[in-house]
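Below: one structure, written as structure tokens.
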Amino acid sequence: MTSFNLGAGSAKISRLGMAAFAAVAAIAVGSADAASVTKSPFGKTKDGIAVDQYTLTNDNGASIKFISYGGIITEINVPDRWGRMGNVVLGFKTLQDYEAKSPYFGALVGRYANRIAGGKFAIGGKEYTLALNNGKNTLHGGNKGFDKNVWSVETLPSIPEAAAAKLTYVSKDGEEGYPGTLTVAVTYTFNNDNELIVGYEATTNKPTIVNLTSHSYFNLGGDGSGSIYDEILTINADKFTPVDAGGIPTGELTDVAGTPFDFRQGTPIGARIRSGDQQMVFGRGYDHNWVVNRQGGGMSFDARAYDPGTGRSLEIWSDQPGLQFYTGNFMDSTTVGAAGKQYRQGDGYCLETQHFPDSPNHPDFPTTLLKPGETYKTTTIHKFAADAS
Ligand code: GLA
């Protein structure tokens with residue numbers, strides 16, 4: 001086991017500061033309970049590649065764990081209102097389970113998160129074809145997306161008040177059908193305010209499309225505690241992008257007012273999940289992209305979830321135009337998670353910051369094109385907190 005002390009100071013990283021966290025360089029001062037990064041083996045892939053698990057622990061003793069395979073976040077351990085630590089994301093015990101049956105639990109998703117209609121898109125008049133791995137469409141990068149590759153991991157000893165690691169992956173020209181060699185770096189930073197900050201960067205040597213996200217399934221009551229339908233969700237969006245039966249946006253931006261998609265006021269996730277709405281039937285529940293209300297560029301508030309049972313809450317902030325809210329609709333009791341419980345529909349939910357699904361085929365949607373010389377750069381903050389007891 002390797003361990004790096006990252007220091008315990010008193011300065012807070014502000015939201016603005018966090019957005020610029022990658023540029024921060026400060027001297028780490030070691031202390032017994034300082035933020036730390038540890039590393040331990042997590043087995044070998046079926047192709048024989050060694051995978052490690054990393055633990056980022058902050059000064060409060062809260063921690064996140066991730067593995068180099070898919071950059072998968074396997075645990076997020078944060079306190080409830082009584083100060084009891086609990087893991088609030090779904091996951092498996094073994095690498096074999098992640099390889100064989102994971103519905104993208106905790107993974108880094110790319111090169112294009114969510115769906116591309118018919119697996120086809122064009123850049124400058126040239127058409128590209130991707131593998132169809134979701135009915136007639138491509139989902140989450142194709143057959144072997146970023147979630148199914150082993151990333152290189154470097155621990156970062158230079159960020160104050162936080163434990164951090166940088167993951168890199170080079171996606172070759174033509175991989176899964178996408179043009180251009182894409183060099184990707186993702187930074188996980190876990191600070192003393194119990195904020196997990198995910199920073200993404202990518203560059204390419206040919207015009208390509210990029211849409212990266214992190215696919216944790218949250219359950220603020222704790223992994224294995226059952227349904228998330230009582231959690232109160234707020235989404236900062238007046239509109240969402242309705243889909244066809246295959247989950248492809250129709251192109252409209254529809255008002256959430258008067259629909260089960262209106263989460264502008266905190267509402268229990270399960271309150272309208274069986275409402276009979278056609279969109280809810282297509283999605284088997286919530287599996288849609290919300291158009292986040294944004295004021296200019298920079299970070300904005302996307303969503304907040306609150307679990308009345310444990311008092312835990314999660315806020316999501318990002319600079320992305322969309323947010324996919326998915327209620328784990330395809331989990332059907334056939335997998336057993338790390339807590340030894342079967343996962344059923346509604347046992348966890350994803351809040352995936354992203355560009356809108358199928359953007360390359362919707363010129364009206366914000367563009368996902370990345371050209372040589374440009375840098376794709378985005379940040380998402382997951383802020384965990386709890387009520388006072
Ligand atoms: C996304 C999709 C869902 C589903 C999950 C993974 O959220 O929108 O339809 O495929 O990923 O199971």
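Naming scheme: A, B, ... for chains in displayed order of the structure tokens; residues 1 onward per chain; ligands 1 onward as shown.
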
Counting only C-alpha atoms and all ligand atoms, what are the residues, protein, DNA or RNA alike, that approach ligand 1 to within 8 Å? I want them as a compact mmCIF listing (two decimals) with N, CA and C atoms, in the first residue's frame.
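Output file pocket_32.txt is given in full below:
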```
# COMPACT_ATOMS: atom_id res chain seq x y z
N PRO A 103 -23.86 -1.90 -15.14
CA PRO A 103 -24.58 -0.92 -15.98
C PRO A 103 -23.94 0.47 -15.84
N TYR A 104 -22.64 0.50 -16.10
CA TYR A 104 -21.84 1.74 -16.04
C TYR A 104 -21.75 2.31 -14.63
N ASN A 114 -24.13 8.92 -23.54
CA ASN A 114 -25.51 8.77 -24.00
C ASN A 114 -25.57 8.40 -25.50
N ARG A 115 -26.72 8.66 -26.13
CA ARG A 115 -27.01 7.99 -27.40
C ARG A 115 -26.66 8.82 -28.63
N ASN A 134 -27.20 -0.49 -28.46
CA ASN A 134 -28.40 -0.16 -27.68
C ASN A 134 -29.56 -0.10 -28.67
N LEU A 139 -24.75 3.67 -27.57
CA LEU A 139 -24.85 4.22 -26.21
C LEU A 139 -23.48 4.26 -25.56
N HIS A 140 -23.18 5.40 -24.92
CA HIS A 140 -22.02 5.51 -24.05
C HIS A 140 -20.70 5.06 -24.68
N HIS A 215 -20.74 8.34 -14.22
CA HIS A 215 -22.01 7.61 -14.18
C HIS A 215 -22.29 6.95 -12.83
N GLY A 247 -35.06 6.38 -26.97
CA GLY A 247 -34.27 7.28 -26.12
C GLY A 247 -33.54 8.37 -26.87
N GLY A 283 -39.18 5.90 -21.21
CA GLY A 283 -37.96 5.79 -20.40
C GLY A 283 -38.02 4.69 -19.35
N ASP A 287 -35.37 8.86 -17.54
CA ASP A 287 -34.13 8.58 -18.28
C ASP A 287 -34.04 9.66 -19.36
N HIS A 288 -33.91 10.90 -18.92
CA HIS A 288 -34.04 12.05 -19.81
C HIS A 288 -32.99 13.11 -19.50
N GLN A 324 -28.52 14.47 -17.38
CA GLN A 324 -29.33 13.27 -17.56
C GLN A 324 -29.70 12.74 -16.18
N PHE A 325 -31.00 12.65 -15.93
CA PHE A 325 -31.48 12.06 -14.67
C PHE A 325 -32.07 10.70 -15.02
N TYR A 326 -31.49 9.66 -14.44
CA TYR A 326 -31.84 8.28 -14.79
C TYR A 326 -32.09 7.52 -13.49
N GLY A 328 -32.25 4.29 -12.75
CA GLY A 328 -31.83 2.89 -12.65
C GLY A 328 -32.90 1.93 -13.15
N ASN A 329 -33.56 2.33 -14.26
CA ASN A 329 -34.75 1.61 -14.72
C ASN A 329 -34.49 0.21 -15.23
N PHE A 330 -33.23 -0.07 -15.56
CA PHE A 330 -32.95 -1.39 -16.14
C PHE A 330 -32.40 -2.38 -15.12
N MET A 331 -32.30 -1.97 -13.85
CA MET A 331 -31.82 -2.91 -12.83
C MET A 331 -33.01 -3.81 -12.46
N CYS A 350 -28.86 8.29 -11.37
CA CYS A 350 -27.69 8.98 -11.92
C CYS A 350 -28.07 10.42 -12.21
N GLU A 352 -26.14 12.84 -14.52
CA GLU A 352 -24.97 12.88 -15.41
C GLU A 352 -24.90 14.24 -16.09
```

query = Near Glu127 of chain A, within 12 Å and counting only C-alpha atoms, which residues show up once chain neighbours fewer than 3 positions away are dropped, as a list in words?
reply =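 So, after excluding close chain neighbours, the residues are Gly118, Gly119, Lys120, Phe121, Ala122, Ile123, Gly124, Leu130, Gly177, Tyr178, Pro179, Thr208, Pro360 and Asn361 of chain A.
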
key: Tyr349 of chain A surroundings by only C-alpha atoms, 12 Å radius, close-in-sequence under 4 positions cut, as a PyMOL selection string   = chain A and resi 88-90+103-106+215-221+223+226-231+233+269-270+285-288+305+314+324-331+343-345

query = What lies within 10 Å of Arg294 of chain A using only C-alpha atoms, ignoring chain neighbours under 6 positions off, as a ChimeraX atom specification?
reply = /A:236-237,300-302,318-322

task = From the DSSP assignment of the backbone, select every residue of segment 60-274 of chain A that is helix (DSSP H, G or I), and format the answer as a PyMOL selection string.
result = chain A and resi 95-101+117-119+146-148+175-177

request  = Rank nothing, just name the residue among A:Ala62, A:Ala50, A:His362, A:Thr204 nearest to Asp173 of chain A, using only C-alpha atoms.
outcome  = A:Thr204

task = Measuring atom to atom with only C-alpha atoms, identify which of A:Leu370, A:Met280, A:Ile49, A:Leu108 is nearest to Thr213 of chain A.
result =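 With only C-alpha atoms as the atom set, the closest residue is A:Leu108.
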
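Reported to one decimal place, the separation of atom CA of Trp317 of chain A from atom CA of Ala271 of chain A is 24.2 Å.
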
task = Point out the residue among A:Ala117, A:Ala165, A:Ala35, A:Val78 with the least atom-to-atom distance to Gln53 of chain A, counting only C-alpha atoms.
result =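 Nearest candidate to Gln53 of chain A out of A:Ala117, A:Ala165, A:Ala35, A:Val78: A:Ala165.
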
query = Do you know which residues are at most 8 Å from Tyr112 of chain A counting only C-alpha atoms, after dropping those on the same chain fewer than 6 positions away, and could you put them as a list of chain:residue names?
reply =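 Listing them by chain and then by number gives A:Leu139, A:His140, A:Gly141, A:Ile209, A:Val210, A:Asn211, A:Leu212.
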
inquiry  = Residues within 9 Å of Asn143 of chain A, please, as an NGL selection string. Count only C-alpha atoms; anything in the same chain fewer than 4 positions from it doesn't count.
reply    = :A and (131-133 or 138-139 or 148 or 176)

Top pick for closest residue to Ser152 of chain A, considering A:Asp387, A:Asp52, A:Glu195, A:Asp347 and counting only C-alpha atoms =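 Under the stated criterion, the closest residue is A:Asp52.
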
request  = Report the residues of segment 60-300 of chain A whose backbone DSSP state falls under strand (DSSP E or B), written as number ranges by chain.
outcome  = A: 63-67, 69, 73-79, 85-87, 89, 107-109, 112, 115-116, 120-123, 126-129, 134, 137-139, 150, 152-156, 162-171, 182-191, 195-204, 208-209, 211, 213-215, 218, 232-235, 237-241, 243, 249, 254-255, 267-268, 287-292, 300

ask   = Looking at A:Asn60, A:Asn289, A:Thr310, A:Ser102, which one is nearest to Asp193 of chain A, with distances taken over only C-alpha atoms?
value =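 Once distances to Asp193 of chain A are computed over only C-alpha atoms, the minimum belongs to A:Asn60.
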